[in-house]
file protein-v9.csv (CSV, C-alpha atoms and all ligand atoms)
chain,number,residue,atom,x,y,z
O,1156,MET,CA,0.0,0.0,0.0
O,1157,ILE,CA,1.0,3.6,-0.5
O,1158,TYR,CA,0.5,5.9,2.5
O,1159,THR,CA,0.9,9.7,2.4
O,1160,VAL,CA,1.4,11.7,5.6
O,1161,THR,CA,0.4,15.4,5.9
O,1162,LEU,CA,1.4,16.8,9.3
O,1163,ASN,CA,0.2,20.3,8.5
O,1164,PRO,CA,-2.7,20.1,6.0
O,1165,ALA,CA,-4.5,23.3,4.9
O,1166,VAL,CA,-7.4,24.8,3.1
O,1167,ASP,CA,-5.9,26.7,0.2
O,1168,ARG,CA,-7.6,30.0,-0.7
O,1169,ILE,CA,-6.6,30.9,-4.2
O,1170,LEU,CA,-7.0,34.6,-5.1
O,1171,PHE,CA,-6.9,35.6,-8.8
O,1172,LEU,CA,-6.2,39.2,-9.8
O,1173,LYS,CA,-4.8,40.8,-12.9
O,1174,GLU,CA,-1.7,42.0,-11.3
O,1175,PHE,CA,-0.6,42.5,-7.7
O,1176,HIS,CA,0.3,46.0,-6.5
O,1177,ARG,CA,1.8,46.6,-3.1
O,1178,SER,CA,0.2,49.3,-0.9
O,1179,ARG,CA,-2.9,49.5,-3.0
O,1180,THR,CA,-6.4,48.0,-2.9
O,1181,ASN,CA,-6.1,44.9,-5.2
O,1182,ARG,CA,-9.5,43.9,-6.7
O,1183,LEU,CA,-9.9,40.1,-7.1
O,1184,THR,CA,-11.3,38.8,-10.4
O,1185,ARG,CA,-12.3,35.6,-8.6
O,1186,SER,CA,-11.3,33.2,-5.9
O,1187,LEU,CA,-11.5,29.5,-5.1
O,1188,GLU,CA,-10.9,27.2,-2.3
O,1189,THR,CA,-9.3,23.8,-2.5
O,1190,ILE,CA,-7.4,21.3,-0.3
O,1191,GLY,CA,-3.8,22.2,0.6
O,1192,GLY,CA,-0.9,20.3,2.0
O,1193,LYS,CA,1.5,18.3,0.0
O,1194,GLY,CA,0.6,14.7,1.1
O,1195,THR,CA,-3.0,15.2,0.3
O,1196,HIS,CA,-2.0,16.5,-3.1
O,1197,VAL,CA,0.1,13.4,-3.7
O,1198,SER,CA,-2.8,11.2,-2.8
O,1199,ILE,CA,-5.2,13.1,-5.1
O,1200,ASN,CA,-2.7,13.0,-8.0
O,1201,LEU,CA,-2.1,9.3,-7.5
O,1202,LYS,CA,-5.9,8.8,-7.7
O,1203,LEU,CA,-6.0,10.7,-11.0
O,1204,GLN,CA,-3.3,8.3,-12.3
O,1205,GLY,CA,-5.4,5.3,-11.2
O,1206,VAL,CA,-3.2,4.5,-8.2
O,1207,THR,CA,-4.7,3.9,-4.8
O,1208,SER,CA,-3.2,5.4,-1.6
O,1209,ILE,CA,-4.4,6.1,1.9
O,1210,ALA,CA,-3.9,9.7,3.2
O,1211,LEU,CA,-2.8,10.0,6.8
O,1212,GLY,CA,-2.1,13.1,8.9
O,1213,ILE,CA,-3.5,15.3,11.6
O,1214,THR,CA,-6.6,17.5,11.2
O,1215,LEU,CA,-7.8,20.0,13.7
O,1216,GLY,CA,-11.2,21.7,14.4
O,1217,GLU,CA,-13.7,22.9,11.8
O,1218,ASN,CA,-11.0,23.6,9.2
O,1219,GLY,CA,-9.8,20.0,9.7
O,1220,LYS,CA,-13.3,18.7,9.0
O,1221,LYS,CA,-13.4,20.8,5.9
O,1222,ILE,CA,-10.1,19.3,4.7
O,1223,ALA,CA,-11.4,15.8,5.3
O,1224,GLY,CA,-14.5,16.6,3.3
O,1225,LEU,CA,-12.5,18.1,0.4
O,1226,LEU,CA,-10.4,14.9,0.3
O,1227,GLN,CA,-13.5,12.7,0.3
O,1228,GLY,CA,-14.7,14.7,-2.6
O,1229,TRP,CA,-11.7,13.5,-4.6
O,1230,GLY,CA,-12.5,9.9,-3.6
O,1231,VAL,CA,-9.3,9.4,-1.7
O,1232,GLU,CA,-9.4,7.1,1.3
O,1233,ALA,CA,-8.3,9.1,4.4
O,1234,ARG,CA,-7.5,8.0,7.9
O,1235,PHE,CA,-6.6,11.3,9.4
O,1236,LEU,CA,-6.3,11.6,13.2
O,1237,HIS,CA,-8.8,14.4,14.0
O,1238,TYR,CA,-8.8,16.5,17.2
O,1239,ASP,CA,-11.2,19.1,18.4
O,1240,LEU,CA,-9.2,21.1,20.9
O,1241,PRO,CA,-9.8,24.7,22.1
O,1242,GLY,CA,-8.1,27.2,19.8
O,1243,MET,CA,-6.6,24.6,17.5
O,1244,GLU,CA,-7.6,24.8,13.8
O,1245,SER,CA,-5.8,23.3,10.8
O,1246,ARG,CA,-4.3,26.2,8.9
O,1247,THR,CA,-5.5,28.2,5.9
O,1248,ASN,CA,-2.9,29.0,3.1
O,1249,PHE,CA,-3.3,31.8,0.6
O,1250,GLN,CA,-2.1,31.9,-2.9
O,1251,ILE,CA,-2.2,35.0,-5.2
O,1252,VAL,CA,-2.3,34.2,-8.9
O,1253,GLU,CA,-1.5,37.1,-11.2
O,1254,GLU,CA,-3.4,36.5,-14.4
O,1255,SER,CA,-1.3,38.9,-16.5
O,1256,SER,CA,2.0,37.0,-15.9
O,1257,HIS,CA,0.7,33.7,-14.4
O,1258,ILE,CA,3.1,34.3,-11.5
O,1259,SER,CA,1.7,32.7,-8.3
O,1260,THR,CA,2.8,33.6,-4.8
O,1261,MET,CA,2.0,31.3,-1.8
O,1262,MET,CA,1.6,32.5,1.8
O,1263,THR,CA,1.4,29.7,4.2
O,1264,GLY,CA,0.1,29.6,7.8
O,1265,ARG,CA,2.2,28.0,10.5
O,1266,GLY,CA,-0.7,25.9,12.0
O,1267,PRO,CA,-1.0,25.2,15.7
O,1268,LEU,CA,1.9,23.4,17.4
O,1269,LEU,CA,1.1,19.7,17.8
O,1270,PRO,CA,1.7,18.4,21.3
O,1271,ALA,CA,3.8,15.2,21.6
O,1272,ASP,CA,0.8,13.0,22.4
O,1273,ILE,CA,-0.7,13.7,19.0
O,1274,THR,CA,2.5,12.9,17.1
O,1275,ASP,CA,2.9,9.8,19.3
O,1276,ALA,CA,-0.5,8.7,18.2
O,1277,LEU,CA,0.5,9.1,14.5
O,1278,PHE,CA,3.6,6.9,15.1
O,1279,LYS,CA,1.4,4.3,16.7
O,1280,GLN,CA,-1.0,4.4,13.8
O,1281,LEU,CA,1.9,4.1,11.3
O,1282,ARG,CA,3.5,1.2,13.1
O,1283,GLY,CA,0.2,-0.6,12.9
O,1284,LEU,CA,-0.2,0.0,9.2
O,1285,ILE,CA,3.2,-0.3,7.5
O,1286,ARG,CA,4.2,-3.7,6.0
O,1287,ALA,CA,7.3,-4.7,4.1
O,1288,GLY,CA,7.1,-3.2,0.5
O,1289,ASP,CA,4.8,-0.4,1.4
O,1290,MET,CA,5.6,3.1,0.2
O,1291,LEU,CA,5.4,6.0,2.7
O,1292,VAL,CA,5.3,9.6,1.4
O,1293,LEU,CA,6.3,12.2,4.0
O,1294,THR,CA,5.9,15.6,2.6
O,1295,GLY,CA,5.2,19.2,3.4
O,1296,ASP,CA,5.7,21.7,6.1
O,1297,ALA,CA,6.4,20.3,9.6
O,1298,SER,CA,7.0,23.5,11.4
O,1299,ASN,CA,3.9,22.8,13.5
O,1300,VAL,CA,6.1,20.0,15.2
O,1301,GLU,CA,8.8,21.4,17.4
O,1302,ASP,CA,11.0,18.2,17.1
O,1303,THR,CA,12.9,18.9,13.9
O,1304,ALA,CA,13.8,15.1,13.8
O,1305,ILE,CA,10.1,14.2,13.2
O,1306,TYR,CA,10.6,13.2,9.6
O,1307,SER,CA,13.9,11.4,10.5
O,1308,ARG,CA,12.1,9.4,13.2
O,1309,LEU,CA,9.1,8.6,10.9
O,1310,THR,CA,11.5,7.5,8.2
O,1311,ARG,CA,13.5,5.2,10.5
O,1312,ALA,CA,10.3,3.7,11.8
O,1313,ALA,CA,9.0,2.9,8.3
O,1314,VAL,CA,12.4,1.6,7.1
O,1315,GLU,CA,12.6,-0.7,10.1
O,1316,LEU,CA,9.2,-2.2,9.0
O,1317,GLY,CA,10.4,-2.7,5.5
O,1318,GLY,CA,8.8,0.4,4.0
O,1319,ARG,CA,10.3,2.7,1.3
O,1320,VAL,CA,10.1,6.4,2.2
O,1321,PHE,CA,9.7,9.3,-0.3
O,1322,LEU,CA,10.5,12.5,1.5
O,1323,ASP,CA,9.8,16.1,0.4
O,1324,ALA,CA,10.9,18.3,3.3
O,1325,SER,CA,12.9,21.4,3.8
O,1326,GLY,CA,15.4,23.1,6.2
O,1327,GLN,CA,16.5,21.2,9.3
O,1328,TYR,CA,13.6,18.7,8.9
O,1329,LEU,CA,15.2,17.5,5.6
O,1330,ARG,CA,18.8,17.7,6.8
O,1331,GLU,CA,18.1,15.5,9.8
O,1332,ALA,CA,16.2,12.9,7.8
O,1333,LEU,CA,19.1,12.4,5.2
O,1334,LYS,CA,20.7,9.8,7.5
O,1335,SER,CA,17.6,7.9,8.3
O,1336,GLY,CA,17.4,5.9,5.0
O,1337,PRO,CA,14.8,7.5,2.7
O,1338,TYR,CA,14.5,6.0,-0.8
O,1339,LEU,CA,13.9,9.3,-2.4
O,1340,ILE,CA,14.2,13.0,-1.5
O,1341,LYS,CA,12.8,15.8,-3.7
O,1342,PRO,CA,14.6,19.1,-2.9
O,1343,ASN,CA,13.9,22.1,-5.0
O,1344,LEU,CA,16.9,24.3,-6.0
O,1345,GLU,CA,16.6,26.5,-2.8
O,1346,GLU,CA,16.6,23.4,-0.6
O,1347,LEU,CA,19.5,21.9,-2.4
O,1348,CYS,CA,21.5,25.2,-2.0
O,1349,HIS,CA,20.6,25.0,1.7
O,1350,LEU,CA,22.0,21.5,1.9
O,1351,ALA,CA,25.1,22.4,0.0
O,1352,GLY,CA,25.6,25.5,2.0
O,1353,ARG,CA,26.2,27.6,-1.2
O,1354,ASP,CA,24.5,29.1,-4.2
O,1355,LEU,CA,24.0,26.8,-7.2
O,1356,GLY,CA,23.2,28.1,-10.6
O,1357,THR,CA,24.4,25.8,-13.3
O,1358,GLU,CA,23.7,22.2,-14.2
O,1359,GLY,CA,27.3,21.3,-13.3
O,1360,GLU,CA,27.1,23.0,-9.9
O,1361,ILE,CA,23.8,21.2,-9.2
O,1362,ILE,CA,25.3,17.8,-10.2
O,1363,ALA,CA,28.3,18.4,-8.0
O,1364,ALA,CA,26.0,19.2,-5.0
O,1365,LEU,CA,24.0,16.1,-5.7
O,1366,ARG,CA,27.2,14.0,-5.7
O,1367,GLU,CA,28.1,15.4,-2.3
O,1368,LEU,CA,25.1,13.6,-0.9
O,1369,ASP,CA,26.5,10.2,-2.1
O,1370,SER,CA,27.5,9.2,1.5
O,1371,TYR,CA,23.8,9.0,2.5
O,1372,ASN,CA,23.1,6.3,0.0
O,1373,ILE,CA,19.8,7.7,-1.2
O,1374,PRO,CA,18.8,5.8,-4.4
O,1375,MET,CA,16.9,8.6,-6.0
O,1376,ILE,CA,17.2,12.4,-5.6
O,1377,ALA,CA,14.8,14.5,-7.7
O,1378,MET,CA,15.7,18.2,-7.8
O,1379,THR,CA,12.7,20.0,-9.2
O,1380,TRP,CA,13.8,23.3,-10.8
O,1381,GLY,CA,10.6,25.3,-11.3
O,1382,GLY,CA,10.4,26.4,-15.0
O,1383,ASN,CA,13.7,24.7,-15.8
O,1384,GLY,CA,12.3,21.2,-15.3
O,1385,ALA,CA,14.3,18.9,-13.0
O,1386,ILE,CA,17.6,17.1,-12.5
O,1387,VAL,CA,17.3,13.6,-11.2
O,1388,LYS,CA,20.0,11.3,-9.8
O,1389,HIS,CA,19.0,7.6,-9.9
O,1390,ASP,CA,21.6,5.3,-8.5
O,1391,ARG,CA,24.7,6.4,-10.4
O,1392,ASP,CA,22.9,8.0,-13.4
O,1393,PHE,CA,21.9,11.6,-13.8
O,1394,PHE,CA,18.9,12.8,-16.0
O,1395,ARG,CA,18.0,16.3,-17.1
O,1396,VAL,CA,14.2,16.5,-17.5
O,1397,HIS,CA,13.4,19.5,-19.7
O,1398,PRO,CA,10.2,21.5,-19.0
O,1399,ILE,CA,7.3,21.1,-21.4
O,1400,GLU,CA,6.0,24.4,-22.7
O,1401,VAL,CA,2.4,24.9,-21.6
O,1402,GLU,CA,0.0,27.8,-21.0
O,1403,THR,CA,0.6,28.0,-17.3
O,1404,VAL,CA,-2.5,29.0,-15.3
O,1405,ASN,CA,-1.2,28.2,-11.8
O,1406,GLU,CA,2.3,27.0,-11.2
O,1407,GLY,CA,1.5,25.9,-7.6
O,1408,GLY,CA,1.5,22.1,-6.8
O,1409,CYS,CA,3.7,21.1,-9.8
O,1410,GLY,CA,6.3,19.6,-7.4
O,1411,ASP,CA,3.7,17.5,-5.7
O,1412,ALA,CA,2.5,16.3,-9.1
O,1413,PHE,CA,6.0,15.4,-10.2
O,1414,LEU,CA,6.6,13.4,-7.0
O,1415,SER,CA,3.2,11.6,-7.3
O,1416,ALA,CA,4.1,10.5,-10.9
O,1417,ILE,CA,7.4,9.0,-9.8
O,1418,ILE,CA,5.5,7.0,-7.2
O,1419,ALA,CA,2.8,6.0,-9.7
O,1420,GLY,CA,5.6,5.0,-12.1
O,1421,ILE,CA,7.2,2.8,-9.5
O,1422,GLU,CA,3.9,1.2,-8.7
O,1423,LYS,CA,3.3,0.6,-12.5
O,1424,LYS,CA,6.8,-0.9,-12.8
O,1425,MET,CA,8.0,1.7,-15.4
O,1426,ASP,CA,11.6,2.1,-16.2
O,1427,ILE,CA,13.3,5.2,-15.0
O,1428,GLU,CA,13.0,7.1,-18.3
O,1429,GLN,CA,9.3,6.4,-18.7
O,1430,MET,CA,8.8,7.4,-15.0
O,1431,LEU,CA,10.5,10.7,-15.5
O,1432,LYS,CA,8.6,11.4,-18.6
O,1433,LEU,CA,5.4,10.7,-16.7
O,1434,ALA,CA,6.5,13.0,-13.9
O,1435,ALA,CA,7.2,15.9,-16.3
O,1436,SER,CA,3.9,15.3,-18.0
O,1437,VAL,CA,1.8,15.2,-14.8
O,1438,ALA,CA,3.6,18.4,-13.6
O,1439,ALA,CA,2.9,20.2,-16.9
O,1440,ALA,CA,-0.8,19.2,-16.8
O,1441,THR,CA,-1.0,20.5,-13.3
O,1442,ALA,CA,0.5,23.9,-14.4
O,1443,GLU,CA,-2.4,24.2,-16.9
O,1444,SER,CA,-5.0,23.8,-14.2
O,1445,GLU,CA,-6.3,26.7,-12.1
O,1446,ALA,CA,-6.1,25.1,-8.6
O,1447,THR,CA,-3.0,23.9,-6.7
O,1448,VAL,CA,-4.1,20.4,-7.2
O,1449,GLY,CA,-5.7,18.4,-9.9
O,1450,PHE,CA,-5.1,18.0,-13.7
O,1451,ASP,CA,-6.7,16.7,-16.8
O,1452,PRO,CA,-5.4,13.1,-17.3
O,1453,ALA,CA,-6.0,13.3,-21.0
O,1454,ARG,CA,-3.3,16.0,-21.3
O,1455,VAL,CA,-0.8,13.7,-19.7
O,1456,GLY,CA,-1.0,11.3,-22.6
O,1457,GLN,CA,-0.4,14.1,-25.0
O,1458,PHE,CA,2.5,15.5,-23.1
O,1459,MET,CA,4.3,12.1,-22.9
O,1460,GLN,CA,5.1,12.4,-26.6
O,1461,ARG,CA,6.7,15.8,-26.1
O,1462,VAL,CA,9.0,15.4,-23.0
O,1463,VAL,CA,12.7,15.8,-23.7
O,1464,LEU,CA,14.9,13.8,-21.4
O,1465,ASP,CA,18.7,13.7,-21.5
O,1466,ARG,CA,20.9,11.3,-19.7
O,1467,ILE,CA,23.8,13.4,-18.4
O,1468,LEU,CA,27.2,11.7,-18.9
K,1501,LIG,O1,2.6,22.5,-3.3
K,1501,LIG,C1,1.4,23.2,-3.2
K,1501,LIG,C2,0.9,23.1,-1.8
K,1501,LIG,O2,0.7,21.8,-1.4
K,1501,LIG,C3,-0.2,24.1,-1.5
K,1501,LIG,O3,-1.4,23.5,-1.7
K,1501,LIG,C4,0.0,24.7,-0.2
K,1501,LIG,O4,-1.0,24.6,0.7
K,1501,LIG,C5,1.4,24.4,0.1
K,1501,LIG,O5,1.9,23.6,-0.9
K,1501,LIG,C6,1.7,23.7,1.4
K,1501,LIG,O6,3.1,23.6,1.5
K,1501,LIG,P1,3.8,23.4,2.8
K,1501,LIG,O7,5.3,23.4,2.5
K,1501,LIG,O8,3.5,24.7,3.7
K,1501,LIG,O9,3.3,22.2,3.4

call {"tool": "encode", "arguments": {"input": "protein-v9.csv", "output": "structure tokens"}}
result
Amino acid sequence: MIYTVTLNPAVDRILFLKEFHRSRTNRLTRSLETIGGKGTHVSINLKLQGVTSIALGITLGENGKKIAGLLQGWGVEARFLHYDLPGMESRTNFQIVEESSHISTMMTGRGPLLPADITDALFKQLRGLIRAGDMLVLTGDASNVEDTAIYSRLTRAAVELGGRVFLDASGQYLREALKSGPYLIKPNLEELCHLAGRDLGTEGEIIAALRELDSYNIPMIAMTWGGNGAIVKHDRDFFRVHPIEVETVNEGGCGDAFLSAIIAGIEKKMDIEQMLKLAASVAAATAESEATVGFDPARVGQFMQRVVLDRIL
């Protein structure tokens, strides 16, 4: 089974306007609300690719109930641990989408700090679920958990049970988890710069930084590079995934889409090149859609013919 974990899920409020101006009244052209939080997005994207997963995580208060309802609307099985505690509500994130340039800007809430007994309950749930061969997707903000080793501890627990962990984290949460045996990490350029401790601009510099992570023995590192596509290290091989040109409507959620397609590709026993082509195609289809999650599956088939992938020697 594939499990996704979202420690800090959200309601995403997406605000569309022509162009954003600071210190002015900005008139919205429209707005919409959707589910936010990277694990939930991976589960939804998997569902759209015909792959079953179970979404786990923590929801709080009325907003938490709304999140569970939104996920149900997508037909995803969810077993979130829900708590109604005074003053504790799952967060709301805001995204501004500028229609003139298609630039989107995300503003994320922190979410209430989770007490240790809540994270302990999640560990207990996971230990009861994970079996050898299962895939566990740990992704998204975890700053609502004080213990920066949370992803590291969850990874170790899953690996001990024979699970494979796909991790998309940042900052200290990512750094601490490197040693715990993840199968895949998916840093973006900013996160890779943070790990490397320096600025990285060129393909050569990025590859050098990826090689520096060799000692952690992580089989797959996918560095998503925004509008530049992605650079992926798979065992000893490097691939450059070129971006597909599309009419971008909302660039949010493309990284979650890319990750979901790698997992779908593994589940469907694709070879690495097919898997990366699928990842680029699902990410491109997501960029065409107006929300931070969701895409038209028919577009994926069309994009598969157009992806350019180079093996870097
Ligand atoms: O990748 C898009 C997205 O999942 C949004 O829906 C948004 O809520 C945000 O990312 C959450 O990211 P975070 O890193 O704060 O968990």

call {"tool": "residues_around", "arguments": {"input": "protein-v9.csv", "residues": "Gly1192 of chain O", "least_positions_apart": "6", "cutoff": "7 Å", "atoms": "only C-alpha atoms", "output": "list of chain:residue names"}}
result
O:Thr1161, O:Asn1163, O:Pro1164, O:Ala1165, O:Gly1295

call {"tool": "residues_near_ligand", "arguments": {"input": "protein-v9.csv", "ligand": "ligand LIG 1501 (chain K)", "cutoff": "7 Å", "atoms": "all atoms listed in the file", "output": "mmCIF file with C-alpha atoms, in the frame of the given file"}}
result
data_model
loop_
_atom_site.group_PDB
_atom_site.id
_atom_site.type_symbol
_atom_site.label_atom_id
_atom_site.label_comp_id
_atom_site.auth_asym_id
_atom_site.auth_seq_id
_atom_site.Cartn_x
_atom_site.Cartn_y
_atom_site.Cartn_z
ATOM 1 C CA ASN O 1163 0.200 20.300 8.500
ATOM 2 C CA PRO O 1164 -2.700 20.100 6.000
ATOM 3 C CA ALA O 1165 -4.500 23.300 4.900
ATOM 4 C CA VAL O 1166 -7.400 24.800 3.100
ATOM 5 C CA ASP O 1167 -5.900 26.700 0.200
ATOM 6 C CA ILE O 1190 -7.400 21.300 -0.300
ATOM 7 C CA GLY O 1191 -3.800 22.200 0.600
ATOM 8 C CA GLY O 1192 -0.900 20.300 2.000
ATOM 9 C CA LYS O 1193 1.500 18.300 0.000
ATOM 10 C CA HIS O 1196 -2.000 16.500 -3.100
ATOM 11 C CA ASN O 1248 -2.900 29.000 3.100
ATOM 12 C CA THR O 1263 1.400 29.700 4.200
ATOM 13 C CA GLY O 1295 5.200 19.200 3.400
ATOM 14 C CA ASP O 1296 5.700 21.700 6.100
ATOM 15 C CA GLY O 1407 1.500 25.900 -7.600
ATOM 16 C CA GLY O 1408 1.500 22.100 -6.800
ATOM 17 C CA CYS O 1409 3.700 21.100 -9.800
ATOM 18 C CA GLY O 1410 6.300 19.600 -7.400
ATOM 19 C CA ASP O 1411 3.700 17.500 -5.700
ATOM 20 C CA THR O 1447 -3.000 23.900 -6.700
ATOM 21 C CA VAL O 1448 -4.100 20.400 -7.200
#

call {"tool": "residues_near_point", "arguments": {"input": "protein-v9.csv", "point": "(9.2, 16.3, -5.0)", "cutoff": "10 Å", "atoms": "all atoms listed in the file", "output": "list of chain:residue names"}}
result
O:Lys1193, O:Val1197, O:Thr1294, O:Gly1295, O:Phe1321, O:Leu1322, O:Asp1323, O:Ala1324, O:Leu1339, O:Ile1340, O:Lys1341, O:Pro1342, O:Asn1343, O:Ile1376, O:Ala1377, O:Met1378, O:Thr1379, O:Ala1385, O:Gly1408, O:Cys1409, O:Gly1410, O:Asp1411, O:Ala1412, O:Phe1413, O:Leu1414, O:Ser1415, O:Ala1416, O:Ile1417, O:Ala1434

call {"tool": "closest_residue", "arguments": {"input": "protein-v9.csv", "among": "O:Leu1268, O:Leu1172, O:Val1292, O:Leu1225", "to": "Tyr1158 of chain O", "atoms": "only C-alpha atoms"}}
result
O:Val1292

call {"tool": "atom_distance", "arguments": {"input": "protein-v9.csv", "atom1": "atom CA of Ile1209 of chain O", "atom2": "atom CA of Val1231 of chain O"}}
result
6.9 Å

call {"tool": "residues_around", "arguments": {"input": "protein-v9.csv", "residues": "Glu1400 of chain O", "least_positions_apart": "5", "cutoff": "12 Å", "atoms": "all atoms listed in the file", "output": "ChimeraX atom specification"}}
result
/O:1382-1384,1435-1436,1438-1440,1442-1443,1458,1461-1463

call {"tool": "atom_distance", "arguments": {"input": "protein-v9.csv", "atom1": "atom CA of Ala1271 of chain O", "atom2": "atom CA of Glu1301 of chain O"}}
result
9.0 Å

call {"tool": "closest_residue", "arguments": {"input": "protein-v9.csv", "among": "O:Asp1465, O:Glu1406, O:Glu1244, O:Glu1174", "to": "Met1261 of chain O", "atoms": "only C-alpha atoms"}}
result
O:Glu1406

call {"tool": "closest_residue", "arguments": {"input": "protein-v9.csv", "among": "O:Val1320, O:Glu1358, O:Ile1399, O:Glu1428", "to": "Arg1454 of chain O", "atoms": "all atoms listed in the file"}}
result
O:Ile1399

call {"tool": "atom_distance", "arguments": {"input": "protein-v9.csv", "atom1": "atom CA of Gly1356 of chain O", "atom2": "atom CA of Arg1466 of chain O"}}
result
19.2 Å

call {"tool": "closest_residue", "arguments": {"input": "protein-v9.csv", "among": "O:Ile1361, O:Leu1368, O:Ile1213, O:Ala1312", "to": "Phe1278 of chain O", "atoms": "all atoms listed in the file"}}
result
O:Ala1312

call {"tool": "residues_around", "arguments": {"input": "protein-v9.csv", "residues": "Leu1215 of chain O", "least_positions_apart": "3", "cutoff": "8 Å", "atoms": "only C-alpha atoms", "output": "MDAnalysis selection string"}}
result
chainID O and resid 1218:1220 1237:1240 1243:1245

call {"tool": "residues_around", "arguments": {"input": "protein-v9.csv", "residues": "Ala1304 of chain O", "least_positions_apart": "6", "cutoff": "8 Å", "atoms": "all atoms listed in the file", "output": "ChimeraX atom specification"}}
result
/O:1328,1331-1332

call {"tool": "write_last_selection", "arguments": {"input": "protein-v9.csv", "atoms": "C-alpha atoms", "output": "CSV table (one decimal), in the frame of the given file"}}
result
chain,number,residue,atom,x,y,z
O,1328,TYR,CA,13.6,18.7,8.9
O,1331,GLU,CA,18.1,15.5,9.8
O,1332,ALA,CA,16.2,12.9,7.8

call {"tool": "residues_around", "arguments": {"input": "protein-v9.csv", "residues": "Ala1210 of chain O", "least_positions_apart": "4", "cutoff": "8 Å", "atoms": "all atoms listed in the file", "output": "list of chain:residue names"}}
result
O:Tyr1158, O:Thr1159, O:Val1160, O:Thr1161, O:Gly1194, O:Thr1195, O:Ser1198, O:Val1231, O:Glu1232, O:Ala1233, O:Arg1234, O:Phe1235

call {"tool": "write_last_selection", "arguments": {"input": "protein-v9.csv", "atoms": "C-alpha atoms", "output": "PDB file, in the frame of the given file"}}
result
ATOM      1  CA  TYR O1158       0.500   5.900   2.500  1.00  0.00           C
ATOM      2  CA  THR O1159       0.900   9.700   2.400  1.00  0.00           C
ATOM      3  CA  VAL O1160       1.400  11.700   5.600  1.00  0.00           C
ATOM      4  CA  THR O1161       0.400  15.400   5.900  1.00  0.00           C
ATOM      5  CA  GLY O1194       0.600  14.700   1.100  1.00  0.00           C
ATOM      6  CA  THR O1195      -3.000  15.200   0.300  1.00  0.00           C
ATOM      7  CA  SER O1198      -2.800  11.200  -2.800  1.00  0.00           C
ATOM      8  CA  VAL O1231      -9.300   9.400  -1.700  1.00  0.00           C
ATOM      9  CA  GLU O1232      -9.400   7.100   1.300  1.00  0.00           C
ATOM     10  CA  ALA O1233      -8.300   9.100   4.400  1.00  0.00           C
ATOM     11  CA  ARG O1234      -7.500   8.000   7.900  1.00  0.00           C
ATOM     12  CA  PHE O1235      -6.600  11.300   9.400  1.00  0.00           C
TER      13      PHE O1235
END

call {"tool": "closest_residue", "arguments": {"input": "protein-v9.csv", "among": "O:Ser1335, O:Leu1226, O:Arg1330, O:Asn1299", "to": "Arg1311 of chain O", "atoms": "all atoms listed in the file"}}
result
O:Ser1335

call {"tool": "closest_residue", "arguments": {"input": "protein-v9.csv", "among": "O:Asp1302, O:Glu1217, O:Asp1451, O:Glu1445", "to": "Glu1253 of chain O", "atoms": "all atoms listed in the file"}}
result
O:Glu1445

call {"tool": "residues_near_point", "arguments": {"input": "protein-v9.csv", "point": "(18.3, 12.1, -23.0)", "cutoff": "12 Å", "atoms": "only C-alpha atoms", "output": "JSON, numbers by chain"}}
result
{"O": [1386, 1387, 1392, 1393, 1394, 1395, 1396, 1397, 1427, 1428, 1429, 1431, 1432, 1462, 1463, 1464, 1465, 1466, 1467, 1468]}

call {"tool": "axis_aligned_box", "arguments": {"input": "protein-v9.csv", "around": "segment 1344-1352 of chain O", "padding_each_side": "8 Å", "output": "lines of an AutoDock Vina configuration file"}}
result
center_x = 21.1
center_y = 24.0
center_z = -2.0
size_x = 25.0
size_y = 21.0
size_z = 24.0
